[in-house]
file entry-v6.txt (compact mmCIF, C-alpha atoms)
# COMPACT_ATOMS: atom_id res chain seq x y z
CA MET A 1 0.00 0.00 0.00
CA VAL A 2 1.19 3.52 -0.81
CA GLU A 3 0.92 5.55 2.37
CA ALA A 4 0.65 8.86 0.51
CA VAL A 5 -2.80 7.99 -0.88
CA GLN A 6 -4.40 6.02 1.96
CA ASP A 7 -7.66 7.73 2.95
CA ALA A 8 -6.86 10.56 0.49
CA GLY A 9 -9.70 12.25 -1.35
CA VAL A 10 -9.05 11.52 -5.02
CA VAL A 11 -10.77 12.81 -8.16
CA VAL A 12 -10.24 11.08 -11.51
CA THR A 13 -11.72 12.72 -14.61
CA GLY A 14 -12.57 10.71 -17.72
CA ALA A 15 -12.78 7.64 -15.48
CA GLY A 16 -15.67 5.87 -17.18
CA GLY A 17 -13.19 3.60 -18.96
CA GLY A 18 -9.60 3.21 -20.12
CA ILE A 19 -6.76 4.79 -18.16
CA GLY A 20 -9.14 6.79 -15.96
CA ALA A 21 -11.02 3.71 -14.80
CA ALA A 22 -7.73 1.91 -14.12
CA LEU A 23 -6.50 4.86 -12.04
CA ALA A 24 -9.76 5.01 -10.09
CA ARG A 25 -9.64 1.27 -9.37
CA ARG A 26 -6.02 1.44 -8.23
CA PHE A 27 -6.57 4.44 -5.94
CA ALA A 28 -9.57 2.70 -4.39
CA ALA A 29 -7.56 -0.50 -3.91
CA GLU A 30 -4.87 1.55 -2.16
CA GLY A 31 -7.41 2.83 0.36
CA ALA A 32 -8.28 6.21 -1.14
CA ARG A 33 -11.74 7.76 -1.24
CA VAL A 34 -12.44 8.19 -4.93
CA VAL A 35 -14.68 10.38 -7.07
CA VAL A 36 -15.25 8.96 -10.56
CA ASN A 37 -15.96 11.62 -13.16
CA ASP A 38 -17.00 11.14 -16.78
CA LEU A 39 -19.24 12.92 -19.27
CA ASP A 40 -21.09 9.62 -19.59
CA ALA A 41 -23.03 9.32 -16.33
CA VAL A 42 -23.86 5.64 -16.86
CA ARG A 43 -20.20 4.70 -17.26
CA ALA A 44 -19.13 6.86 -14.31
CA GLU A 45 -21.74 5.26 -12.08
CA ALA A 46 -20.79 1.76 -13.22
CA VAL A 47 -17.11 2.23 -12.31
CA ALA A 48 -18.00 3.98 -9.04
CA GLY A 49 -20.39 1.17 -8.08
CA GLU A 50 -17.74 -1.44 -8.82
CA ILE A 51 -15.11 0.09 -6.52
CA GLY A 52 -17.24 1.70 -3.82
CA ALA A 53 -16.57 5.22 -5.07
CA ILE A 54 -18.74 8.27 -5.73
CA ALA A 55 -19.83 9.18 -9.25
CA VAL A 56 -19.77 12.87 -10.16
CA PRO A 57 -20.58 12.96 -13.88
CA GLY A 58 -20.22 16.07 -16.02
CA ASP A 59 -17.72 18.30 -17.79
CA ALA A 60 -14.27 17.82 -16.26
CA SER A 61 -13.76 21.59 -16.31
CA GLU A 62 -16.66 22.19 -13.96
CA ILE A 63 -16.75 19.43 -11.36
CA VAL A 64 -14.10 20.40 -8.80
CA GLY A 65 -16.62 22.00 -6.46
CA ASP A 66 -19.06 19.09 -6.60
CA ALA A 67 -16.23 16.57 -6.24
CA ARG A 68 -14.87 18.44 -3.22
CA ASP A 69 -18.29 18.39 -1.59
CA ALA A 70 -18.66 14.66 -2.31
CA LEU A 71 -15.34 14.04 -0.55
CA GLY A 72 -16.34 15.98 2.54
CA GLY A 73 -14.66 19.25 1.66
CA THR A 74 -11.13 18.25 0.65
CA VAL A 75 -9.49 17.06 -2.57
CA ASP A 76 -6.02 15.65 -1.91
CA VAL A 77 -5.26 14.20 -5.36
CA TYR A 78 -6.65 15.41 -8.67
CA CYS A 79 -6.12 13.27 -11.77
CA ALA A 80 -6.68 15.38 -14.90
CA ASN A 81 -7.20 12.40 -17.15
CA ALA A 82 -10.06 13.32 -19.52
CA GLY A 83 -8.87 13.89 -23.06
CA VAL A 84 -9.92 14.02 -26.70
CA ALA A 85 -8.12 13.18 -29.94
CA PHE A 86 -8.92 13.78 -33.61
CA GLU A 87 -7.23 12.07 -36.54
CA ASP A 88 -5.74 14.18 -39.33
CA PRO A 89 -8.25 14.15 -42.22
CA GLY A 90 -5.31 13.77 -44.60
CA ALA A 91 -4.99 14.74 -48.27
CA GLY A 92 -3.84 18.21 -47.23
CA GLU A 93 -7.13 19.03 -45.56
CA PRO A 94 -6.77 21.00 -42.30
CA LEU A 95 -8.41 19.85 -39.11
CA ASP A 96 -11.49 22.00 -38.51
CA GLU A 97 -11.32 24.80 -35.95
CA LYS A 98 -14.06 23.31 -33.77
CA SER A 99 -11.93 20.21 -33.25
CA TRP A 100 -8.91 22.37 -32.40
CA ALA A 101 -10.97 24.40 -29.93
CA LEU A 102 -12.33 21.29 -28.22
CA SER A 103 -8.84 19.83 -28.00
CA TRP A 104 -7.53 22.98 -26.29
CA ASP A 105 -10.50 23.08 -23.94
CA VAL A 106 -10.36 19.45 -22.78
CA ASN A 107 -6.65 18.65 -23.05
CA VAL A 108 -5.28 21.92 -21.61
CA MET A 109 -7.81 24.38 -20.25
CA ALA A 110 -9.63 21.78 -18.13
CA HIS A 111 -6.30 21.28 -16.31
CA VAL A 112 -5.85 25.03 -15.89
CA ARG A 113 -9.37 25.49 -14.53
CA ALA A 114 -9.01 22.60 -12.10
CA ALA A 115 -5.70 23.90 -10.78
CA HIS A 116 -7.22 27.36 -10.35
CA GLU A 117 -9.92 25.83 -8.12
CA LEU A 118 -7.58 23.53 -6.19
CA LEU A 119 -4.50 25.64 -5.54
CA PRO A 120 -5.83 28.05 -2.90
CA ASP A 121 -6.69 25.20 -0.54
CA TRP A 122 -3.56 23.20 -1.36
CA LEU A 123 -1.29 26.18 -0.76
CA GLU A 124 -3.01 27.00 2.50
CA ARG A 125 -2.64 23.39 3.69
CA GLY A 126 0.83 22.95 2.23
CA SER A 127 -0.08 19.75 0.38
CA GLY A 128 -1.82 18.52 -2.77
CA ARG A 129 -1.13 16.25 -5.72
CA PHE A 130 -1.94 16.99 -9.38
CA VAL A 131 -1.70 14.10 -11.84
CA SER A 132 -1.84 14.99 -15.54
CA THR A 133 -2.43 12.27 -18.12
CA VAL A 134 -0.37 13.74 -20.94
CA SER A 135 0.85 11.10 -23.46
CA ALA A 136 4.19 10.47 -25.12
CA ALA A 137 2.80 12.77 -27.82
CA GLY A 138 3.40 15.62 -25.36
CA LEU A 139 7.09 14.77 -25.13
CA LEU A 140 7.52 13.80 -28.78
CA THR A 141 4.65 14.14 -31.27
CA MET A 142 2.29 11.82 -33.14
CA ILE A 143 1.77 11.51 -36.86
CA GLY A 144 -1.82 11.99 -37.98
CA ALA A 145 -2.87 13.78 -34.76
CA PRO A 146 -2.09 17.51 -35.01
CA SER A 147 -4.41 18.93 -32.34
CA TYR A 148 -3.68 16.04 -29.96
CA SER A 149 0.09 16.45 -30.29
CA VAL A 150 0.04 20.23 -29.88
CA THR A 151 -2.35 20.31 -26.93
CA LYS A 152 -0.57 17.46 -25.15
CA HIS A 153 2.61 19.55 -25.39
CA GLY A 154 0.57 22.27 -23.72
CA ALA A 155 -0.63 19.91 -20.99
CA LEU A 156 2.95 18.88 -20.27
CA ALA A 157 4.11 22.49 -20.17
CA PHE A 158 1.36 23.37 -17.71
CA ALA A 159 2.25 20.40 -15.48
CA GLU A 160 5.91 21.45 -15.56
CA TRP A 161 4.94 25.02 -14.63
CA LEU A 162 2.82 23.80 -11.71
CA SER A 163 5.69 21.69 -10.42
CA LEU A 164 8.43 24.28 -10.69
CA THR A 165 6.21 27.00 -9.23
CA TYR A 166 4.66 25.21 -6.26
CA ARG A 167 6.74 22.18 -5.31
CA HIS A 168 8.42 24.09 -2.44
CA ARG A 169 4.93 24.79 -1.11
CA GLY A 170 3.90 21.15 -0.93
CA VAL A 171 2.25 20.60 -4.32
CA GLU A 172 3.33 17.36 -5.98
CA VAL A 173 2.86 17.03 -9.76
CA HIS A 174 3.12 13.97 -12.00
CA ALA A 175 2.88 13.86 -15.80
CA ILE A 176 1.96 10.44 -17.21
CA CYS A 177 3.32 9.99 -20.75
CA PRO A 178 2.52 6.56 -22.21
CA GLN A 179 2.60 5.59 -25.85
CA GLY A 180 -0.16 3.22 -26.98
CA VAL A 181 -2.60 2.02 -24.33
CA ARG A 182 -5.37 -0.44 -25.18
CA THR A 183 -8.36 1.87 -24.80
CA ASP A 184 -11.21 3.19 -26.93
CA MET A 185 -9.04 6.21 -27.76
CA LEU A 186 -6.31 3.99 -29.21
CA ALA A 187 -8.90 2.15 -31.29
CA ALA A 188 -10.05 5.52 -32.66
CA THR A 189 -6.58 6.55 -33.83
CA GLY A 190 -7.07 4.58 -37.02
CA SER A 191 -4.24 3.61 -39.33
CA ALA A 192 -1.69 5.95 -37.71
CA GLY A 193 -2.25 4.27 -34.36
CA ASP A 194 -2.05 0.84 -36.00
CA LEU A 195 1.35 1.74 -37.43
CA VAL A 196 2.95 3.53 -34.48
CA LEU A 197 1.15 2.61 -31.27
CA GLN A 198 -0.46 -0.81 -31.49
CA PRO A 199 2.76 -2.88 -31.68
CA THR A 200 3.88 -1.84 -28.18
CA ALA A 201 0.49 -1.05 -26.63
CA ILE A 202 0.04 -1.83 -22.94
CA GLU A 203 -2.98 -2.21 -20.68
CA PRO A 204 -4.49 0.68 -18.69
CA GLU A 205 -3.55 -1.14 -15.48
CA ASP A 206 0.12 -0.91 -16.52
CA VAL A 207 -0.25 2.87 -16.61
CA ALA A 208 -1.74 2.91 -13.11
CA GLU A 209 1.12 0.75 -11.86
CA ALA A 210 3.67 3.13 -13.40
CA LEU A 211 2.00 6.09 -11.70
CA PHE A 212 2.13 4.44 -8.30
CA ARG A 213 5.81 3.62 -8.72
CA GLY A 214 6.35 7.26 -9.60
CA ILE A 215 4.44 8.44 -6.52
CA GLU A 216 6.57 6.21 -4.30
CA GLU A 217 9.74 7.52 -5.96
CA ASP A 218 8.54 11.15 -6.02
CA ARG A 219 9.04 11.45 -9.81
CA PHE A 220 7.46 14.10 -12.02
CA LEU A 221 7.74 12.24 -15.33
CA ILE A 222 5.92 8.90 -15.47
CA LEU A 223 6.94 6.76 -18.46
CA PRO A 224 4.95 3.50 -18.68
CA HIS A 225 6.96 2.85 -21.87
CA PRO A 226 10.57 3.34 -20.64
CA GLU A 227 11.90 3.62 -24.19
CA VAL A 228 10.21 7.02 -24.48
CA ALA A 229 13.03 8.48 -22.38
CA GLU A 230 15.53 7.57 -25.11
CA TYR A 231 13.29 8.98 -27.84
CA TYR A 232 12.97 12.19 -25.82
CA ARG A 233 16.75 12.47 -25.48
CA ALA A 234 17.20 11.88 -29.21
CA ARG A 235 14.61 14.54 -30.01
CA ALA A 236 16.53 17.07 -27.94
CA ALA A 237 20.07 16.10 -28.92
CA THR A 238 19.66 15.31 -32.64
CA THR A 239 16.49 17.15 -33.58
CA ASP A 240 16.91 17.09 -37.36
CA ARG A 241 17.69 13.39 -37.38
CA TRP A 242 14.67 12.73 -35.17
CA LEU A 243 12.40 14.82 -37.41
CA ALA A 244 13.70 12.98 -40.47
CA GLY A 245 12.83 9.68 -38.82
CA MET A 246 9.34 10.88 -37.97
CA ASN A 247 8.89 12.14 -41.52
CA HIS A 248 9.84 8.66 -42.73
CA LEU A 249 7.01 7.30 -40.57
CA GLN A 250 4.68 9.92 -42.05
CA GLN A 251 5.58 8.83 -45.58
CA LYS A 252 5.10 5.17 -44.65
CA TRP A 253 1.67 6.01 -43.23
CA GLU A 254 0.68 8.00 -46.33
CA ALA A 255 1.75 5.14 -48.60
CA ALA A 256 -0.28 2.65 -46.57
CA ARG A 257 -3.38 4.86 -46.70
call {"tool": "encode", "arguments": {"input": "entry-v6.txt", "output": "structure tokens"}}
result
Amino acid sequence: MVEAVQDAGVVVTGAGGGIGAALARRFAAEGARVVVNDLDAVRAEAVAGEIGAIAVPGDASEIVGDARDALGGTVDVYCANAGVAFEDPGAGEPLDEKSWALSWDVNVMAHVRAAHELLPDWLERGSGRFVSTVSAAGLLTMIGAPSYSVTKHGALAFAEWLSLTYRHRGVEVHAICPQGVRTDMLAATGSAGDLVLQPTAIEPEDVAEALFRGIEEDRFLILPHPEVAEYYRARAATTDRWLAGMNHLQQKWEAAR
């Protein structure tokens, strides 16, 4: 059992399935009091009923107050897990602006809004934990997913800013950056996901396990796929070579389509 989360009040957004549900189950198994959030009320209630948690369905940007009330007035851990992804339409067609706007709202601004609500109490108490489900796309990028890649970079940058700004005041921050995870979102990535992500895809429970190892080791960056660290180093040290390799993947994907 991880002492840091026992009896903690935990909120997990986008927890009706996939990584969010796995996180909610693991926190509950570790003795936390969990709020399960999802836009789909039926799915949120199903997961909550399974693990003895509380369902607070709705928009992840707007549920901090209700989740806090459900937990008796205190949120100790907030998992900003809800996310959206749109595949590149291809053939030179740009992704529509509504899809870009929704990506920014869910993948970045929901994190910002949650932190705005949580920080006053956390700073007063001198403790709090913010967990951001980012994606390896936030460290690297992903072919065929322009708005997802860009906004996940934004989510990572915001998590980094939270950590460097407030860690001396007791706020712990973790950024989870997996590659492919066997979820509905991976299934929706289409042929790009089949090419890049499916071969090394892991289970949502593996992501939860990686997070808990990171909590025990007090690590910011959580890499369920350890090889991502090497890719990240290569991107920084030999950027042109890395971009050329990614462009080769892009060409391979275009040829297969």
call {"tool": "closest_residue", "arguments": {"input": "entry-v6.txt", "among": "A:Leu223, A:Leu23, A:Leu211, A:Val42", "to": "Gly58 of chain A", "atoms": "all atoms listed in the file"}}
result
A:Val42
call {"tool": "atom_distance", "arguments": {"input": "entry-v6.txt", "atom1": "atom CA of His168 of chain A", "atom2": "atom CA of Arg233 of chain A"}}
result
27.1 Å
call {"tool": "closest_residue", "arguments": {"input": "entry-v6.txt", "among": "A:Leu118, A:Arg235, A:Asn81, A:Ala187", "to": "Ala22 of chain A", "atoms": "only C-alpha atoms"}}
result
A:Asn81
call {"tool": "atom_distance", "arguments": {"input": "entry-v6.txt", "atom1": "atom CA of Trp242 of chain A", "atom2": "atom CA of Met142 of chain A"}}
result
12.6 Å
call {"tool": "atom_distance", "arguments": {"input": "entry-v6.txt", "atom1": "atom CA of Thr141 of chain A", "atom2": "atom CA of Ala192 of chain A"}}
result
12.2 Å
call {"tool": "residues_around", "arguments": {"input": "entry-v6.txt", "residues": "Thr74 of chain A", "least_positions_apart": "3", "cutoff": "12 Å", "atoms": "all atoms listed in the file", "output": "PyMOL selection string"}}
result
chain A and resi 7-11+33-35+64-71+77-78+117-122+125+127-128
call {"tool": "residues_around", "arguments": {"input": "entry-v6.txt", "residues": "Ala55 of chain A", "least_positions_apart": "2", "cutoff": "12 Å", "atoms": "only C-alpha atoms", "output": "JSON, numbers by chain"}}
result
{"A": [10, 11, 12, 13, 14, 15, 16, 21, 24, 33, 34, 35, 36, 37, 38, 39, 40, 41, 42, 43, 44, 45, 46, 47, 48, 49, 50, 51, 52, 53, 57, 58, 63, 66, 67, 70, 71]}
call {"tool": "closest_residue", "arguments": {"input": "entry-v6.txt", "among": "A:Tyr166, A:Phe86, A:Phe212, A:Phe220", "to": "Ser132 of chain A", "atoms": "all atoms listed in the file"}}
result
A:Phe220
call {"tool": "closest_residue", "arguments": {"input": "entry-v6.txt", "among": "A:Asp96, A:Asp76, A:Asp218, A:Glu205", "to": "Val181 of chain A", "atoms": "all atoms listed in the file"}}
result
A:Glu205
call {"tool": "residues_near_point", "arguments": {"input": "entry-v6.txt", "point": "(-4.5, 5.9, -44.6)", "cutoff": "9 Å", "atoms": "only C-alpha atoms", "output": "PyMOL selection string"}}
result
chain A and resi 90+190-192+253-257
call {"tool": "closest_residue", "arguments": {"input": "entry-v6.txt", "among": "A:Val2, A:Ile215, A:Leu156, A:Leu123", "to": "Leu140 of chain A", "atoms": "all atoms listed in the file"}}
result
A:Leu156
call {"tool": "closest_residue", "arguments": {"input": "entry-v6.txt", "among": "A:His111, A:His174, A:Arg167, A:Arg26", "to": "Ile222 of chain A", "atoms": "only C-alpha atoms"}}
result
A:His174
call {"tool": "residues_around", "arguments": {"input": "entry-v6.txt", "residues": "Ser147 of chain A", "least_positions_apart": "4", "cutoff": "8 Å", "atoms": "only C-alpha atoms", "output": "ChimeraX atom specification"}}
result
/A:85-86,95,99-100,103-104,151
call {"tool": "axis_aligned_box", "arguments": {"input": "entry-v6.txt", "around": "segment 33-36 of chain A", "padding_each_side": "3 Å", "output": "JSON"}}
result
{"center_x": -13.5, "center_y": 9.1, "center_z": -5.9, "size_x": 9.5, "size_y": 8.6, "size_z": 15.3}
call {"tool": "residues_near_point", "arguments": {"input": "entry-v6.txt", "point": "(8.1, 9.8, -36.7)", "cutoff": "9 Å", "atoms": "all atoms listed in the file", "output": "count of residues only"}}
result
14
call {"tool": "build_atoms", "arguments": {"input": "entry-v6.txt", "residues": "segment 130-158 of chain A", "atoms": "N, CA and C atoms", "output": "PDB file, in the coordinates of the input"}}
result
ATOM      1  N   PHE A 130      -1.302  16.813  -8.078  1.00  0.00           N
ATOM      2  CA  PHE A 130      -1.940  16.990  -9.380  1.00  0.00           C
ATOM      3  C   PHE A 130      -1.321  15.994 -10.345  1.00  0.00           C
ATOM      4  N   VAL A 131      -2.165  15.120 -10.899  1.00  0.00           N
ATOM      5  CA  VAL A 131      -1.700  14.100 -11.840  1.00  0.00           C
ATOM      6  C   VAL A 131      -2.284  14.413 -13.216  1.00  0.00           C
ATOM      7  N   SER A 132      -1.413  14.652 -14.184  1.00  0.00           N
ATOM      8  CA  SER A 132      -1.840  14.990 -15.540  1.00  0.00           C
ATOM      9  C   SER A 132      -1.563  13.825 -16.478  1.00  0.00           C
ATOM     10  N   THR A 133      -2.628  13.290 -17.090  1.00  0.00           N
ATOM     11  CA  THR A 133      -2.430  12.270 -18.120  1.00  0.00           C
ATOM     12  C   THR A 133      -2.099  12.998 -19.418  1.00  0.00           C
ATOM     13  N   VAL A 134      -0.846  12.969 -19.788  1.00  0.00           N
ATOM     14  CA  VAL A 134      -0.370  13.740 -20.940  1.00  0.00           C
ATOM     15  C   VAL A 134      -0.345  12.852 -22.184  1.00  0.00           C
ATOM     16  N   SER A 135       0.610  11.934 -22.286  1.00  0.00           N
ATOM     17  CA  SER A 135       0.850  11.100 -23.460  1.00  0.00           C
ATOM     18  C   SER A 135       2.285  11.328 -23.917  1.00  0.00           C
ATOM     19  N   ALA A 136       2.872  10.298 -24.504  1.00  0.00           N
ATOM     20  CA  ALA A 136       4.190  10.470 -25.120  1.00  0.00           C
ATOM     21  C   ALA A 136       4.131  11.507 -26.234  1.00  0.00           C
ATOM     22  N   ALA A 137       2.944  11.734 -26.794  1.00  0.00           N
ATOM     23  CA  ALA A 137       2.800  12.770 -27.820  1.00  0.00           C
ATOM     24  C   ALA A 137       3.141  14.153 -27.276  1.00  0.00           C
ATOM     25  N   GLY A 138       3.035  14.350 -25.969  1.00  0.00           N
ATOM     26  CA  GLY A 138       3.400  15.620 -25.360  1.00  0.00           C
ATOM     27  C   GLY A 138       4.890  15.803 -25.203  1.00  0.00           C
ATOM     28  N   LEU A 139       5.631  14.710 -25.168  1.00  0.00           N
ATOM     29  CA  LEU A 139       7.090  14.770 -25.130  1.00  0.00           C
ATOM     30  C   LEU A 139       7.683  14.726 -26.525  1.00  0.00           C
ATOM     31  N   LEU A 140       7.029  14.024 -27.424  1.00  0.00           N
ATOM     32  CA  LEU A 140       7.520  13.800 -28.780  1.00  0.00           C
ATOM     33  C   LEU A 140       6.557  14.458 -29.750  1.00  0.00           C
ATOM     34  N   THR A 141       5.786  13.703 -30.468  1.00  0.00           N
ATOM     35  CA  THR A 141       4.650  14.140 -31.270  1.00  0.00           C
ATOM     36  C   THR A 141       4.038  12.876 -31.851  1.00  0.00           C
ATOM     37  N   MET A 142       2.934  13.000 -32.566  1.00  0.00           N
ATOM     38  CA  MET A 142       2.290  11.820 -33.140  1.00  0.00           C
ATOM     39  C   MET A 142       1.829  12.141 -34.547  1.00  0.00           C
ATOM     40  N   ILE A 143       2.238  11.304 -35.495  1.00  0.00           N
ATOM     41  CA  ILE A 143       1.770  11.510 -36.860  1.00  0.00           C
ATOM     42  C   ILE A 143       0.241  11.365 -36.888  1.00  0.00           C
ATOM     43  N   GLY A 144      -0.387  12.126 -37.781  1.00  0.00           N
ATOM     44  CA  GLY A 144      -1.820  11.990 -37.980  1.00  0.00           C
ATOM     45  C   GLY A 144      -2.679  12.554 -36.867  1.00  0.00           C
ATOM     46  N   ALA A 145      -2.096  13.273 -35.892  1.00  0.00           N
ATOM     47  CA  ALA A 145      -2.870  13.780 -34.760  1.00  0.00           C
ATOM     48  C   ALA A 145      -2.392  15.182 -34.398  1.00  0.00           C
ATOM     49  N   PRO A 146      -2.654  16.169 -35.245  1.00  0.00           N
ATOM     50  CA  PRO A 146      -2.090  17.510 -35.010  1.00  0.00           C
ATOM     51  C   PRO A 146      -2.590  18.167 -33.737  1.00  0.00           C
ATOM     52  N   SER A 147      -3.902  18.220 -33.525  1.00  0.00           N
ATOM     53  CA  SER A 147      -4.410  18.930 -32.340  1.00  0.00           C
ATOM     54  C   SER A 147      -4.058  18.165 -31.064  1.00  0.00           C
ATOM     55  N   TYR A 148      -4.048  16.844 -31.129  1.00  0.00           N
ATOM     56  CA  TYR A 148      -3.680  16.040 -29.960  1.00  0.00           C
ATOM     57  C   TYR A 148      -2.229  16.294 -29.580  1.00  0.00           C
ATOM     58  N   SER A 149      -1.330  16.247 -30.568  1.00  0.00           N
ATOM     59  CA  SER A 149       0.090  16.450 -30.290  1.00  0.00           C
ATOM     60  C   SER A 149       0.349  17.835 -29.706  1.00  0.00           C
ATOM     61  N   VAL A 150      -0.216  18.851 -30.328  1.00  0.00           N
ATOM     62  CA  VAL A 150       0.040  20.230 -29.880  1.00  0.00           C
ATOM     63  C   VAL A 150      -0.519  20.477 -28.491  1.00  0.00           C
ATOM     64  N   THR A 151      -1.749  20.034 -28.238  1.00  0.00           N
ATOM     65  CA  THR A 151      -2.350  20.310 -26.930  1.00  0.00           C
ATOM     66  C   THR A 151      -1.739  19.447 -25.833  1.00  0.00           C
ATOM     67  N   LYS A 152      -1.254  18.258 -26.174  1.00  0.00           N
ATOM     68  CA  LYS A 152      -0.570  17.460 -25.150  1.00  0.00           C
ATOM     69  C   LYS A 152       0.774  18.079 -24.785  1.00  0.00           C
ATOM     70  N   HIS A 153       1.432  18.744 -25.739  1.00  0.00           N
ATOM     71  CA  HIS A 153       2.610  19.550 -25.390  1.00  0.00           C
ATOM     72  C   HIS A 153       2.205  20.644 -24.400  1.00  0.00           C
ATOM     73  N   GLY A 154       1.053  21.243 -24.638  1.00  0.00           N
ATOM     74  CA  GLY A 154       0.570  22.270 -23.720  1.00  0.00           C
ATOM     75  C   GLY A 154       0.270  21.728 -22.339  1.00  0.00           C
ATOM     76  N   ALA A 155      -0.330  20.533 -22.282  1.00  0.00           N
ATOM     77  CA  ALA A 155      -0.630  19.910 -20.990  1.00  0.00           C
ATOM     78  C   ALA A 155       0.650  19.616 -20.226  1.00  0.00           C
ATOM     79  N   LEU A 156       1.674  19.139 -20.929  1.00  0.00           N
ATOM     80  CA  LEU A 156       2.950  18.880 -20.270  1.00  0.00           C
ATOM     81  C   LEU A 156       3.573  20.170 -19.765  1.00  0.00           C
ATOM     82  N   ALA A 157       3.539  21.212 -20.583  1.00  0.00           N
ATOM     83  CA  ALA A 157       4.110  22.490 -20.170  1.00  0.00           C
ATOM     84  C   ALA A 157       3.407  23.032 -18.938  1.00  0.00           C
ATOM     85  N   PHE A 158       2.081  22.890 -18.872  1.00  0.00           N
ATOM     86  CA  PHE A 158       1.360  23.370 -17.710  1.00  0.00           C
ATOM     87  C   PHE A 158       1.723  22.565 -16.467  1.00  0.00           C
TER      88      PHE A 158
END
